Structure formats: structure tokens, C-alpha cells
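> Sharing work.txt (compact mmCIF, C-alpha atoms) below.
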```
# COMPACT_ATOMS: atom_id res chain seq x y z
CA MET A 1 -17.81 -113.23 -54.96
CA LYS A 2 -18.89 -113.96 -51.43
CA ASN A 3 -15.48 -112.88 -50.02
CA PHE A 4 -15.66 -109.63 -51.93
CA THR A 5 -19.04 -108.82 -50.41
CA VAL A 6 -17.76 -109.49 -46.87
CA ASN A 7 -14.70 -107.30 -47.38
CA TYR A 8 -16.84 -104.56 -48.82
CA LEU A 9 -19.13 -104.55 -45.82
CA LEU A 10 -16.13 -104.54 -43.46
CA VAL A 11 -14.70 -101.45 -45.13
CA ILE A 12 -18.02 -99.66 -44.84
CA VAL A 13 -18.24 -100.44 -41.08
CA LEU A 14 -14.69 -99.19 -40.45
CA LEU A 15 -15.34 -95.96 -42.33
CA SER A 16 -18.51 -95.39 -40.33
CA LEU A 17 -16.66 -95.88 -37.03
CA ALA A 18 -13.91 -93.48 -38.09
CA ALA A 19 -16.47 -90.84 -39.04
CA CYS A 20 -18.17 -91.13 -35.65
CA SER A 21 -14.84 -90.90 -33.84
CA SER A 22 -13.87 -87.80 -35.84
CA LYS A 23 -17.21 -86.21 -35.07
CA ASN A 24 -16.83 -86.94 -31.34
CA ASP A 25 -13.27 -85.50 -31.33
CA ALA A 26 -14.47 -82.33 -33.06
CA THR A 27 -17.26 -81.97 -30.54
CA THR A 28 -14.84 -82.40 -27.63
CA SER A 29 -12.40 -79.89 -29.14
CA ASP A 30 -15.15 -77.32 -29.61
CA GLU A 31 -16.31 -77.83 -26.02
CA MET A 32 -12.76 -77.32 -24.69
CA SER A 33 -12.36 -74.20 -26.80
CA ASP A 34 -15.63 -72.81 -25.49
CA GLU A 35 -14.59 -73.67 -21.94
CA ASN A 36 -11.24 -71.87 -22.29
CA LEU A 37 -12.93 -68.89 -23.87
CA THR A 38 -15.35 -68.73 -20.97
CA LYS A 39 -12.46 -68.77 -18.50
CA ASP A 40 -10.62 -65.90 -20.20
CA ILE A 41 -13.61 -63.60 -20.79
CA TYR A 42 -15.44 -61.78 -18.00
CA GLU A 43 -18.64 -59.86 -18.54
CA LEU A 44 -20.05 -57.33 -16.11
CA SER A 45 -23.13 -55.21 -16.18
CA SER A 46 -22.74 -51.48 -15.53
CA THR A 47 -24.62 -51.95 -12.29
CA GLN A 48 -22.19 -54.62 -11.09
CA PHE A 49 -19.19 -52.51 -12.05
CA ASN A 50 -20.42 -49.43 -10.19
CA SER A 51 -21.82 -51.17 -7.12
CA SER A 52 -18.55 -53.08 -6.59
CA ASP A 53 -16.57 -49.82 -6.70
CA MET A 54 -14.40 -51.12 -9.53
CA LYS A 55 -11.95 -48.88 -11.34
CA LEU A 56 -10.24 -48.71 -14.75
CA GLY A 57 -6.72 -47.50 -15.43
CA LYS A 58 -3.94 -47.47 -18.00
CA LEU A 59 -0.26 -48.31 -18.03
CA GLU A 60 1.67 -45.39 -16.54
CA MET A 61 5.34 -44.52 -16.35
CA GLN A 62 6.46 -44.65 -12.72
CA GLU A 63 9.80 -44.02 -11.01
CA PHE A 64 11.24 -47.16 -9.47
CA TYR A 65 14.10 -46.89 -6.99
CA GLU A 66 16.79 -49.23 -5.80
CA ILE A 67 16.53 -49.32 -2.02
CA VAL A 68 19.39 -49.48 0.48
CA LYS A 69 18.35 -50.75 3.90
CA ALA A 70 19.59 -48.84 6.94
CA ASN A 71 18.96 -48.67 10.65
CA GLY A 72 19.90 -46.29 13.40
CA MET A 73 18.35 -43.79 15.77
CA PHE A 74 17.45 -40.17 16.34
CA ASN A 75 20.11 -37.88 17.74
CA VAL A 76 21.08 -34.21 17.78
CA PRO A 77 24.17 -32.47 16.32
CA PRO A 78 27.03 -31.82 18.77
CA GLN A 79 26.24 -28.10 18.82
CA ASN A 80 22.76 -28.90 20.14
CA ARG A 81 23.99 -30.93 23.11
CA ALA A 82 25.58 -29.30 26.16
CA SER A 83 27.39 -30.88 29.11
CA VAL A 84 27.09 -28.37 31.96
CA SER A 85 29.81 -28.07 34.56
CA SER A 86 31.53 -25.28 36.50
CA TYR A 87 34.90 -23.64 35.88
CA PHE A 88 35.45 -23.64 39.65
CA GLY A 89 34.48 -26.23 42.23
CA GLY A 90 31.87 -25.67 44.90
CA SER A 91 29.15 -27.16 47.03
CA VAL A 92 25.70 -27.35 45.45
CA LYS A 93 23.51 -25.02 47.47
CA ASP A 94 20.35 -24.99 45.42
CA ILE A 95 18.94 -27.12 42.58
CA LYS A 96 15.35 -27.56 41.45
CA LEU A 97 15.58 -29.09 37.99
CA GLN A 98 14.74 -32.67 37.04
CA PRO A 99 15.31 -34.70 33.86
CA GLY A 100 12.71 -33.83 31.24
CA GLN A 101 12.31 -30.18 32.20
CA HIS A 102 12.69 -27.53 29.50
CA VAL A 103 15.16 -24.71 30.08
CA LYS A 104 16.02 -21.53 28.21
CA ARG A 105 19.45 -20.18 27.50
CA GLY A 106 20.61 -18.08 30.46
CA GLN A 107 18.20 -19.71 32.91
CA VAL A 108 19.72 -20.53 36.31
CA LEU A 109 20.32 -24.27 36.67
CA PHE A 110 21.91 -24.50 40.12
CA THR A 111 23.86 -22.49 42.68
CA LEU A 112 27.38 -23.20 44.00
CA GLU A 113 28.93 -22.00 47.24
CA ASN A 114 32.66 -21.75 47.98
CA PRO A 115 34.77 -19.44 50.22
CA GLU A 116 37.25 -19.22 47.37
CA PHE A 117 34.69 -17.15 45.46
CA VAL A 118 34.97 -14.55 48.21
CA GLN A 119 38.75 -14.59 48.04
CA LEU A 120 38.67 -14.19 44.28
CA GLN A 121 36.48 -11.09 44.52
CA GLN A 122 38.68 -9.68 47.28
CA ASP A 123 41.81 -10.17 45.20
CA PHE A 124 40.18 -8.42 42.28
CA LEU A 125 39.14 -5.38 44.30
CA GLU A 126 42.60 -5.15 45.90
CA SER A 127 44.35 -5.37 42.55
CA GLN A 128 41.99 -2.75 41.20
CA GLY A 129 42.94 -0.35 44.03
CA GLN A 130 46.64 -1.06 43.59
CA LEU A 131 46.40 -0.63 39.85
CA SER A 132 45.13 2.90 40.16
CA TYR A 133 48.05 3.89 42.40
CA LEU A 134 50.71 2.01 40.39
CA LYS A 135 49.50 3.53 37.13
CA SER A 136 49.82 7.01 38.60
CA ASP A 137 53.29 6.25 39.98
CA TYR A 138 54.42 4.73 36.67
CA GLU A 139 53.37 7.81 34.71
CA ARG A 140 55.11 10.08 37.27
CA GLN A 141 58.36 8.09 37.12
CA LYS A 142 58.22 8.11 33.33
CA ASN A 143 58.06 11.92 33.26
CA LEU A 144 60.86 12.21 35.83
CA VAL A 145 63.20 9.92 33.94
CA GLU A 146 62.60 11.87 30.75
CA ASP A 147 63.66 15.02 32.64
CA ASN A 148 66.61 13.20 34.20
CA VAL A 149 65.22 13.92 37.66
CA THR A 150 64.99 10.27 38.81
CA SER A 151 67.06 7.20 38.17
CA GLN A 152 66.39 4.61 35.50
CA LYS A 153 66.14 1.99 38.25
CA ASN A 154 63.16 3.67 39.91
CA TYR A 155 61.43 4.02 36.57
CA LEU A 156 61.91 0.35 35.68
CA LYS A 157 60.64 -0.78 39.09
CA SER A 158 57.47 1.31 38.78
CA GLU A 159 56.94 0.00 35.25
CA SER A 160 57.35 -3.61 36.41
CA ASP A 161 54.98 -3.23 39.37
CA TYR A 162 52.38 -1.61 37.19
CA THR A 163 52.65 -4.27 34.46
CA VAL A 164 52.46 -7.21 36.90
CA THR A 165 49.48 -5.78 38.75
CA ARG A 166 47.76 -4.94 35.49
CA ALA A 167 48.14 -8.54 34.27
CA ARG A 168 46.89 -9.92 37.59
CA HIS A 169 43.91 -7.58 37.51
CA ALA A 170 42.99 -8.66 33.96
CA SER A 171 43.30 -12.33 34.93
CA LEU A 172 41.04 -11.90 37.96
CA ARG A 173 38.52 -10.05 35.82
CA LYS A 174 38.29 -13.00 33.42
CA LYS A 175 37.85 -15.45 36.29
CA LEU A 176 34.99 -13.41 37.69
CA GLU A 177 33.33 -13.33 34.27
CA LEU A 178 33.60 -17.13 34.12
CA LEU A 179 31.78 -17.23 37.45
CA ASP A 180 29.10 -14.99 35.98
CA ILE A 181 30.07 -12.13 38.31
CA ASN A 182 30.13 -8.69 36.69
CA PRO A 183 33.52 -7.13 37.55
CA ASN A 184 32.30 -3.63 36.68
CA ALA A 185 29.48 -3.88 39.22
CA LEU A 186 31.56 -5.51 41.97
CA THR A 187 32.11 -3.49 45.15
CA ILE A 188 33.05 -4.22 48.71
CA ASP A 189 29.38 -4.16 49.62
CA ASN A 190 28.20 -6.88 47.21
CA ILE A 191 30.86 -9.55 47.60
CA ARG A 192 29.14 -12.93 47.77
CA ALA A 193 30.07 -16.54 48.47
CA THR A 194 27.69 -18.08 45.91
CA VAL A 195 27.59 -18.15 42.14
CA THR A 196 24.93 -19.35 39.70
CA VAL A 197 25.44 -21.70 36.74
CA THR A 198 23.15 -20.96 33.79
CA ALA A 199 22.00 -22.93 30.75
CA PRO A 200 24.25 -22.43 27.70
CA ILE A 201 21.50 -23.45 25.23
CA ASN A 202 17.75 -23.91 24.99
CA GLY A 203 16.61 -27.49 25.41
CA TYR A 204 15.57 -30.26 27.75
CA VAL A 205 17.48 -31.53 30.76
CA THR A 206 18.27 -35.20 30.13
CA ASP A 207 20.71 -35.97 32.96
CA VAL A 208 21.17 -34.50 36.45
CA ASN A 209 24.31 -35.80 38.18
CA ILE A 210 24.34 -33.59 41.27
CA THR A 211 22.36 -33.33 44.49
CA LYS A 212 21.95 -30.57 47.01
CA GLY A 213 24.99 -30.46 49.29
CA SER A 214 27.27 -32.45 47.00
CA PHE A 215 30.60 -31.00 45.93
CA LEU A 216 31.03 -30.34 42.22
CA ASN A 217 34.56 -30.49 40.88
CA PRO A 218 35.48 -28.50 37.77
CA SER A 219 35.89 -31.75 35.80
CA ASP A 220 32.47 -33.12 36.78
CA VAL A 221 29.45 -32.94 34.46
CA ALA A 222 26.53 -31.64 36.48
CA MET A 223 23.82 -31.78 33.81
CA ILE A 224 23.25 -32.57 30.15
CA ILE A 225 20.93 -30.41 28.05
CA VAL A 226 19.71 -31.45 24.62
CA ASP A 227 18.06 -29.13 22.10
CA THR A 228 15.57 -31.36 20.27
CA ASP A 229 14.60 -28.67 17.74
CA HIS A 230 17.33 -29.99 15.44
CA LEU A 231 16.86 -33.76 15.52
CA GLN A 232 18.62 -35.79 12.86
CA LEU A 233 18.75 -39.42 11.78
CA GLU A 234 21.99 -41.25 12.49
CA LEU A 235 21.88 -44.30 10.21
CA ASN A 236 24.30 -47.08 9.33
CA ILE A 237 24.68 -48.77 5.96
CA PHE A 238 26.95 -51.61 4.92
CA GLU A 239 30.21 -50.83 3.20
CA LYS A 240 29.06 -52.49 -0.05
CA ASP A 241 26.23 -49.94 -0.41
CA LEU A 242 28.39 -46.82 -0.02
CA ALA A 243 28.73 -46.22 -3.78
CA LYS A 244 24.94 -46.08 -4.17
CA VAL A 245 24.24 -43.40 -1.54
CA ARG A 246 24.42 -39.70 -2.38
CA ILE A 247 23.53 -36.47 -0.57
CA GLY A 248 19.96 -35.42 -1.25
CA GLN A 249 18.51 -38.90 -1.80
CA PRO A 250 15.11 -39.49 -0.14
CA ILE A 251 14.78 -41.58 3.00
CA HIS A 252 11.60 -43.31 4.15
CA PHE A 253 11.70 -44.49 7.75
CA ARG A 254 9.57 -46.00 10.50
CA ILE A 255 9.96 -46.10 14.25
CA GLN A 256 9.83 -49.41 16.07
CA GLU A 257 6.81 -48.44 18.17
CA ASP A 258 4.63 -47.69 15.12
CA GLN A 259 5.49 -49.64 11.97
CA SER A 260 2.28 -48.54 10.23
CA GLN A 261 3.34 -44.89 9.93
CA GLN A 262 6.02 -43.87 7.44
CA TYR A 263 8.00 -40.62 7.61
CA GLU A 264 10.31 -38.89 5.13
CA ALA A 265 13.81 -37.46 5.34
CA SER A 266 16.80 -36.94 3.05
CA VAL A 267 20.51 -37.73 3.12
CA TYR A 268 22.55 -34.63 3.96
CA LEU A 269 25.87 -36.08 5.10
CA VAL A 270 27.81 -39.28 4.33
CA ASN A 271 30.65 -40.24 6.63
CA LYS A 272 34.01 -41.05 5.02
CA THR A 273 35.16 -43.51 7.69
CA VAL A 274 34.26 -47.19 7.73
CA ASP A 275 33.74 -48.94 11.07
CA ALA A 276 36.57 -51.47 11.16
CA GLU A 277 34.58 -54.09 13.10
CA LYS A 278 31.05 -53.80 11.73
CA ARG A 279 32.09 -52.69 8.20
CA THR A 280 29.38 -50.03 8.26
CA ILE A 281 29.31 -46.33 7.37
CA GLY A 282 27.43 -43.55 9.11
CA ILE A 283 24.73 -41.59 7.25
CA LEU A 284 23.05 -38.45 8.57
CA GLY A 285 19.47 -37.73 7.52
CA GLN A 286 17.45 -34.53 7.82
CA LEU A 287 13.69 -34.61 8.41
CA SER A 288 11.64 -33.30 5.49
CA ASP A 289 9.11 -31.75 7.89
CA ALA A 290 10.83 -29.85 10.71
CA LYS A 291 7.59 -29.85 12.71
CA LEU A 292 7.97 -33.60 13.24
CA THR A 293 10.87 -33.03 15.65
CA ASN A 294 8.34 -32.63 18.46
CA ARG A 295 7.13 -36.18 17.80
CA PHE A 296 10.46 -37.93 18.35
CA ASN A 297 13.14 -38.12 21.03
CA PRO A 298 16.89 -38.70 20.84
CA GLY A 299 17.73 -42.39 21.07
CA VAL A 300 14.55 -43.65 19.38
CA TYR A 301 15.38 -46.61 17.09
CA VAL A 302 14.42 -46.31 13.42
CA GLN A 303 14.39 -48.57 10.36
CA ALA A 304 14.97 -46.74 7.09
CA ASP A 305 15.01 -47.23 3.32
CA ILE A 306 17.32 -44.99 1.31
CA TYR A 307 16.02 -44.56 -2.25
CA THR A 308 19.06 -44.51 -4.53
CA THR A 309 19.09 -44.93 -8.34
CA SER A 310 15.77 -44.44 -10.13
CA ASP A 311 14.33 -45.42 -13.50
CA SER A 312 11.01 -44.66 -15.22
CA ARG A 313 9.18 -47.83 -16.28
CA PRO A 314 5.63 -48.82 -17.42
CA SER A 315 3.60 -50.04 -14.49
CA LEU A 316 0.20 -50.86 -13.05
CA PRO A 317 -1.10 -50.67 -9.51
CA GLN A 318 -0.28 -53.86 -7.63
CA GLU A 319 -4.00 -54.35 -6.97
CA ALA A 320 -4.56 -54.81 -10.73
CA LEU A 321 -2.57 -58.06 -10.75
CA VAL A 322 -3.89 -61.43 -9.61
CA GLU A 323 -1.53 -64.36 -9.05
CA VAL A 324 -2.73 -67.78 -10.20
CA ASP A 325 -0.41 -70.83 -10.19
CA ASP A 326 2.71 -68.66 -9.88
CA LYS A 327 1.64 -66.51 -12.84
CA ASN A 328 0.32 -62.95 -12.83
CA TYR A 329 -2.79 -61.96 -14.75
CA VAL A 330 -4.67 -58.74 -15.49
CA LEU A 331 -8.11 -58.03 -16.92
CA VAL A 332 -7.96 -55.93 -20.09
CA LEU A 333 -11.06 -54.06 -21.23
CA ASP A 334 -12.26 -55.56 -24.53
CA SER A 335 -15.46 -53.62 -25.02
CA SER A 336 -17.89 -51.42 -23.12
CA SER A 337 -21.40 -50.09 -23.58
CA ASP A 338 -24.18 -48.65 -21.51
CA ALA A 339 -25.24 -52.20 -20.68
CA GLY A 340 -21.88 -53.41 -19.37
CA LEU A 341 -18.21 -54.20 -19.89
CA THR A 342 -16.25 -57.18 -21.21
CA PHE A 343 -12.75 -58.05 -20.02
CA ILE A 344 -10.16 -60.52 -21.27
CA LYS A 345 -7.68 -62.15 -18.92
CA LYS A 346 -4.05 -61.70 -20.03
CA GLU A 347 -0.81 -62.88 -18.49
CA VAL A 348 1.79 -60.22 -17.61
CA LYS A 349 5.48 -60.41 -16.75
CA THR A 350 6.45 -58.34 -13.74
CA GLY A 351 9.66 -56.63 -12.67
CA VAL A 352 10.56 -54.34 -9.78
CA SER A 353 7.91 -52.96 -7.46
CA ASN A 354 7.37 -50.31 -4.83
CA ASN A 355 4.69 -49.88 -2.21
CA ASP A 356 1.89 -49.19 -4.72
CA ASP A 357 2.97 -50.06 -8.27
CA ILE A 358 4.70 -52.88 -10.11
CA GLU A 359 6.65 -52.86 -13.38
CA ILE A 360 5.00 -54.55 -16.40
CA MET A 361 7.84 -55.97 -18.43
CA ASN A 362 5.70 -57.08 -21.41
CA ALA A 363 3.98 -53.72 -21.73
CA GLY A 364 4.65 -53.95 -25.49
CA ASP A 365 1.93 -56.61 -25.72
CA PHE A 366 -0.65 -53.90 -25.08
CA ASN A 367 -1.33 -50.67 -26.94
CA GLU A 368 -1.14 -47.28 -25.27
CA ASN A 369 -4.93 -46.98 -25.07
CA SER A 370 -5.48 -50.33 -23.35
CA GLU A 371 -7.49 -50.06 -20.17
CA PHE A 372 -7.15 -52.43 -17.25
CA LEU A 373 -9.33 -53.29 -14.30
CA VAL A 374 -7.08 -51.84 -11.61
CA LYS A 375 -9.53 -52.37 -8.78
CA GLY A 376 -11.74 -55.43 -8.36
CA ALA A 377 -9.88 -57.91 -10.56
CA PHE A 378 -9.06 -60.28 -7.71
CA ASN A 379 -12.70 -61.09 -6.92
CA LEU A 380 -13.50 -61.82 -10.56
CA ILE A 381 -10.55 -64.08 -11.36
CA LYS A 382 -10.64 -65.96 -8.06
CA GLU A 383 -14.39 -66.73 -8.26
```
Please lay out the structure from this file as C-alpha cells.


Amino acid sequence: MKNFTVNYLLVIVLLSLAACSSKNDATTSDEMSDENLTKDIYELSSTQFNSSDMKLGKLEMQEFYEIVKANGMFNVPPQNRASVSSYFGGSVKDIKLQPGQHVKRGQVLFTLENPEFVQLQQDFLESQGQLSYLKSDYERQKNLVEDNVTSQKNYLKSESDYTVTRARHASLRKKLELLDINPNALTIDNIRATVTVTAPINGYVTDVNITKGSFLNPSDVAMIIVDTDHLQLELNIFEKDLAKVRIGQPIHFRIQEDQSQQYEASVYLVNKTVDAEKRTIGILGQLSDAKLTNRFNPGVYVQADIYTTSDSRPSLPQEALVEVDDKNYVLVLDSSSDAGLTFIKKEVKTGVSNNDDIEIMNAGDFNENSEFLVKGAFNLIKE
């Protein structure tokens, strides 16, 4: 009987200890649950929300592009670049231009002097005088031979002399025109030993390779003029990216001197030849705003992004996401009233991104009316 009583008391003590342990575990579990709930719920008064300049937003469909990296520089088309030389050699008598100066088409660039210019004008005037006589003699001999008054030999000689002189006269006329001398206005009284070389296009002088007194050969380039009103981007992409690039795709680029400013252009020509050494392909881009040509110069280095394939995907502003322990979280509006707002922290899976927005891959976890704290979430979660 005594052993029974002891065993009975022992069972009662063990049951009491178990009950206390269960009660303590339940209390601890409830405390942990409350702690987790506190961490995931954020309450703000209306005053706090407004004074902190916070902002709500919804999931929106945004276009996301695949980007092809490119680099290159500004340049001008071949038709907007002119290498100025002279068709005939001569000594530079006068020059006043310097690199950087703007010139207009037809403006005098420099003056050349050469005694051969005098001889050329003399030959032209002499051939012109002979031509008038030979033409008259040819027509007279033609009439005489038709009337059998003169021999065929005389007629053929007059025809030959007239034809040869006529060809020589036409050739000299073209040479004078190349020297910018008007053959129709040339007389014995206005023969000159100098000629002027004029600008073939509007633009800026970039190179001056002559000096006063130097002799300019016909093969020498005296000046280079560039018309910067038609600047274009000359970019290079790797061979592997060729299939992604198409005419008309947008280009966003920056210049090396100012990485903070971004400019826009578009692809308007894709080269068909691959550089054998670098394995790159040339791309030409056209500025979206033609007025920007005044801001850049040929040769300026640029870094560009070509926006290729696009896809519309649900997204949020990047500012709405807060990274914690390699996971991304957002604050979803749970309730709101005049007194304040309540948010719940939710994890999101992210995909591609652009400068402002990021794809939300688990957008299906939220309904279409869900509102998110798109501005100010970082300060709340990181507190």
C-alpha cells in the first residue's frame, strides 16, 4: 500500500511538470508569432505618410529590352567631308583661314599663283581667234567642193584644221573652268597669273596643310572641311550580336566627358562586312534630335546601348524594392483610413530590369488592385 502511494504521488508530480512545460512552450510560441507579425506589419499615420513624401503605386506592364553594348565615335558621312586641293599646281600667295573657322560653299579659301595660268589663258584666246577663221574657211571649202570648184584635198585639210582647233579650244575652256576662270568673260585685258580655290561645301576647317609661299601640287590636300550639320554615330558591335540588331532600333548613348547625361539615337544602317581581326561589325546611328549636332564634334568617343528585342512584363519601380539578406521585399497596402495606413511586407521574385523599373516574376501572388509603397519603403524596412 505504501509503494502504491509513492508511485501515485510520482505520477502526479510528472504530470504537473509536463503541464508547466507545455504552458511555457505555448507562451514562447505565441511570443515568437507576435514578434514575426510585428516585423511584417508596418503602420503609419497619415501625417507620417505625407510628411515623408511617400507614394503608392500598382503593378504596371512595362517594356523591357535586351541591350547590346556598343562603342564608337561621332563622325560625318563621306558627302559631308571635303578634302580641298587644286587641279593645277601653284605657289600659295594668300591664305587667312585657320582650323576651327567656319566657311560657306563658294567662299575663297586661298589663292595660287603660277605663270602656267597665264599661258593657259593665252592658249585659249589664241585658239578662240583661230577657231573663228578656221570655221569660216571650212564652210567656204565645203561649199566649193560641193560645186566642184576646189579639190577634195583642200576641203579635207580645212575640215581637219577646224576639228583639231575646235577640240583644243573646248579642252582649254574646261581647264579654265576648273581654275574658276570664266572663259566667256576672258579677254586680253584681264589675263591674270593667280587663281582662287573656293570651299566646295559648308562646314568647318579641320586641317590646314599649306602655308603662304609653299608650292601646292595637284595631288596635295591643302585643307579638310567637315560639315557637322549631319553628324552620325559610328558604332561597333561584336559579331555574335549581329542577329539582334535591326534598322530603327533605339540607341541610348553617353559621351566620355559627361556620363551623367544620356542621349538618344536610332540604328539606320548595319554594315554587312565583319572586321576580320576584331570580329566586329559597324553600325551607323542617327541622332533623334538634329539640334544636338551643335553639341558634339567628330571624333568624340561614345558608349552606347542598342535596345533590341522587347517584351511587356509586370513591374514595379526599383525604388519600391528593398533587399534584405539577398532577398527582395515590398510593402503591400493592407488597409487605409483617415488616421493612417497599414502595410505588410512580402517577398518578391525579380527578373530583368531597366533604368527605372524591375520585372516582378511572382506578380500572380498579388491581385490587380494591390497597391505598393513605391517610394519610402527602404526607410521603413531598414529601421

> Could the residues of stretch 266-329 of chain A that have an atom at most 12 Å from stretch 344-358 of chain A be listed as JSON lines, each with its closest atom pair and the distance in Å to one decimal, counting all atoms listed in the file and ordered by chain and ascending residue number?


```
{"residue": "A:Asp305", "atom": "CA", "partner": "A:Asn354", "partner_atom": "CA", "distance": 11.6}
{"residue": "A:Tyr307", "atom": "CA", "partner": "A:Asn354", "partner_atom": "CA", "distance": 10.7}
{"residue": "A:Ser310", "atom": "CA", "partner": "A:Val352", "partner_atom": "CA", "distance": 11.2}
{"residue": "A:Asp311", "atom": "CA", "partner": "A:Val352", "partner_atom": "CA", "distance": 10.4}
{"residue": "A:Ser312", "atom": "CA", "partner": "A:Val352", "partner_atom": "CA", "distance": 11.1}
{"residue": "A:Arg313", "atom": "CA", "partner": "A:Ile358", "partner_atom": "CA", "distance": 9.1}
{"residue": "A:Pro314", "atom": "CA", "partner": "A:Ile358", "partner_atom": "CA", "distance": 8.4}
{"residue": "A:Ser315", "atom": "CA", "partner": "A:Ile358", "partner_atom": "CA", "distance": 5.3}
{"residue": "A:Leu316", "atom": "CA", "partner": "A:Asp357", "partner_atom": "CA", "distance": 5.6}
{"residue": "A:Pro317", "atom": "CA", "partner": "A:Asp357", "partner_atom": "CA", "distance": 4.3}
{"residue": "A:Gln318", "atom": "CA", "partner": "A:Asp357", "partner_atom": "CA", "distance": 5.0}
{"residue": "A:Glu319", "atom": "CA", "partner": "A:Asp356", "partner_atom": "CA", "distance": 8.1}
{"residue": "A:Ala320", "atom": "CA", "partner": "A:Asp357", "partner_atom": "CA", "distance": 9.2}
{"residue": "A:Leu321", "atom": "CA", "partner": "A:Val348", "partner_atom": "CA", "distance": 8.4}
{"residue": "A:Val322", "atom": "CA", "partner": "A:Glu347", "partner_atom": "CA", "distance": 9.5}
{"residue": "A:Glu323", "atom": "CA", "partner": "A:Glu347", "partner_atom": "CA", "distance": 9.6}
{"residue": "A:Val324", "atom": "CA", "partner": "A:Glu347", "partner_atom": "CA", "distance": 9.8}
{"residue": "A:Asp325", "atom": "CA", "partner": "A:Glu347", "partner_atom": "CA", "distance": 11.5}
{"residue": "A:Asp326", "atom": "CA", "partner": "A:Glu347", "partner_atom": "CA", "distance": 11.0}
{"residue": "A:Lys327", "atom": "CA", "partner": "A:Glu347", "partner_atom": "CA", "distance": 7.1}
{"residue": "A:Asn328", "atom": "CA", "partner": "A:Val348", "partner_atom": "CA", "distance": 5.7}
{"residue": "A:Tyr329", "atom": "CA", "partner": "A:Glu347", "partner_atom": "CA", "distance": 4.3}
```

> Between atom CA of A:Val197 and atom CA of A:Leu97, what is the spacing in Å?

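The value is 12.4 Å.
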
> So, counting only C-alpha atoms, which residue among A:Ser46, A:Ser52, A:Ser83, A:Ser260 is closest to A:Asp227?

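Using only C-alpha atoms, A:Asp227 sits closest to A:Ser83.
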
> What is the atom CA of A:Ser45-atom CA of A:Lys382 distance in Å, reported with one decimal?

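Value for the atom CA of A:Ser45-atom CA of A:Lys382 distance: 18.4 Å.
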
> Return the single residue from A:Thr308, A:Thr211, A:Gln107, A:Gln128 that is closest to A:Ala199, with distances computed using only C-alpha atoms.

A:Gln107

> So which one's closest to A:Glu257, A:Asn294, A:Gln141, A:Gln303, A:Ser288? Using only C-alpha atoms, please.

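Closest to A:Glu257 of all the choices is A:Gln303.
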
> I'd like the interatomic distance between atom CA of A:Ser266 and atom CA of A:Pro77, to a tenth of an Å.

15.8 Å

> In terms of the shortest atom-to-atom distance over all atoms listed in the file, which of A:Val92, A:Leu231, A:Leu172, A:Ala82 is closest to A:Ala290?

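Answer, going by the shortest atom-to-atom distance: A:Leu231.
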
> Would you mind listing what lies within 12 Å of A:Phe110 as a VMD selection string, with all atoms listed in the file counted and same-chain residues fewer than 5 positions away left out?

chain A and resid 84 to 86 90 to 98 194 to 199 208 to 214 216 222 to 223

> Do you know which residues are at most 8 Å from A:Val267 counting only C-alpha atoms, after dropping those on the same chain fewer than 2 positions away, and could you put them as JSON, numbers by chain?

{"A": [246, 247, 248, 249, 250, 251, 265, 269, 270, 283, 284, 285, 286]}

> Do you know which residues lie at most 12 Å from (47.4, -10.3, 39.5), with coordinates as in the file and all atoms listed in the file counted, and could you write them as a PyMOL selection string?

chain A and resi 120+122-131+161-175

> Set the distance at 10 Å and use only C-alpha atoms: which residues neighbour A:Tyr263 once local chain neighbours fewer than 2 positions away are removed? I'd like the list as a PyMOL selection string.

chain A and resi 251-255+261+265+287-289+292+304

> Near A:Met54, counting all atoms listed in the file, which residues have an atom at most 9 Å away, once you skip same-chain residues fewer than 2 positions from it, shown as a list in words?

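Using all atoms listed in the file, the neighbours found are Gln48, Phe49, Asn50, Ser51, Ser52, Leu56, Leu373, Val374, Lys375, Gly376 and Ala377 of chain A.
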
> Would you mind listing what lies within 10 Å of A:Asn236 as a PDB file with C-alpha atoms, keeping the file's coordinate frame, with all atoms listed in the file counted and same-chain residues fewer than 2 positions away left out?


```pdb
ATOM      1  CA  LYS A  69      18.350 -50.750   3.900  1.00  0.00           C
ATOM      2  CA  ALA A  70      19.590 -48.840   6.940  1.00  0.00           C
ATOM      3  CA  ASN A  71      18.960 -48.670  10.650  1.00  0.00           C
ATOM      4  CA  GLY A  72      19.900 -46.290  13.400  1.00  0.00           C
ATOM      5  CA  MET A  73      18.350 -43.790  15.770  1.00  0.00           C
ATOM      6  CA  LEU A 233      18.750 -39.420  11.780  1.00  0.00           C
ATOM      7  CA  GLU A 234      21.990 -41.250  12.490  1.00  0.00           C
ATOM      8  CA  PHE A 238      26.950 -51.610   4.920  1.00  0.00           C
ATOM      9  CA  GLU A 239      30.210 -50.830   3.200  1.00  0.00           C
ATOM     10  CA  VAL A 270      27.810 -39.280   4.330  1.00  0.00           C
ATOM     11  CA  ASN A 271      30.650 -40.240   6.630  1.00  0.00           C
ATOM     12  CA  ASP A 275      33.740 -48.940  11.070  1.00  0.00           C
ATOM     13  CA  LYS A 278      31.050 -53.800  11.730  1.00  0.00           C
ATOM     14  CA  ARG A 279      32.090 -52.690   8.200  1.00  0.00           C
ATOM     15  CA  THR A 280      29.380 -50.030   8.260  1.00  0.00           C
ATOM     16  CA  ILE A 281      29.310 -46.330   7.370  1.00  0.00           C
ATOM     17  CA  GLY A 282      27.430 -43.550   9.110  1.00  0.00           C
ATOM     18  CA  ILE A 283      24.730 -41.590   7.250  1.00  0.00           C
ATOM     19  CA  LEU A 284      23.050 -38.450   8.570  1.00  0.00           C
ATOM     20  CA  ALA A 304      14.970 -46.740   7.090  1.00  0.00           C
TER      21      ALA A 304
END
```

> Please determine, counting only C-alpha atoms, which residue among A:Asp137, A:Glu146, A:Asp334, A:Glu177 has the shortest atom-to-atom distance to A:Ser370.

A:Asp334

> Axis-aligned box over every listed atom of stretch 357-369 of chain A, padded by 8 Å per side: centre and edges in Å to one decimal, as lines of an AutoDock Vina configuration file?


```
center_x = 1.5
center_y = -52.0
center_z = -17.6
size_x = 28.8
size_y = 26.1
size_z = 34.7
```
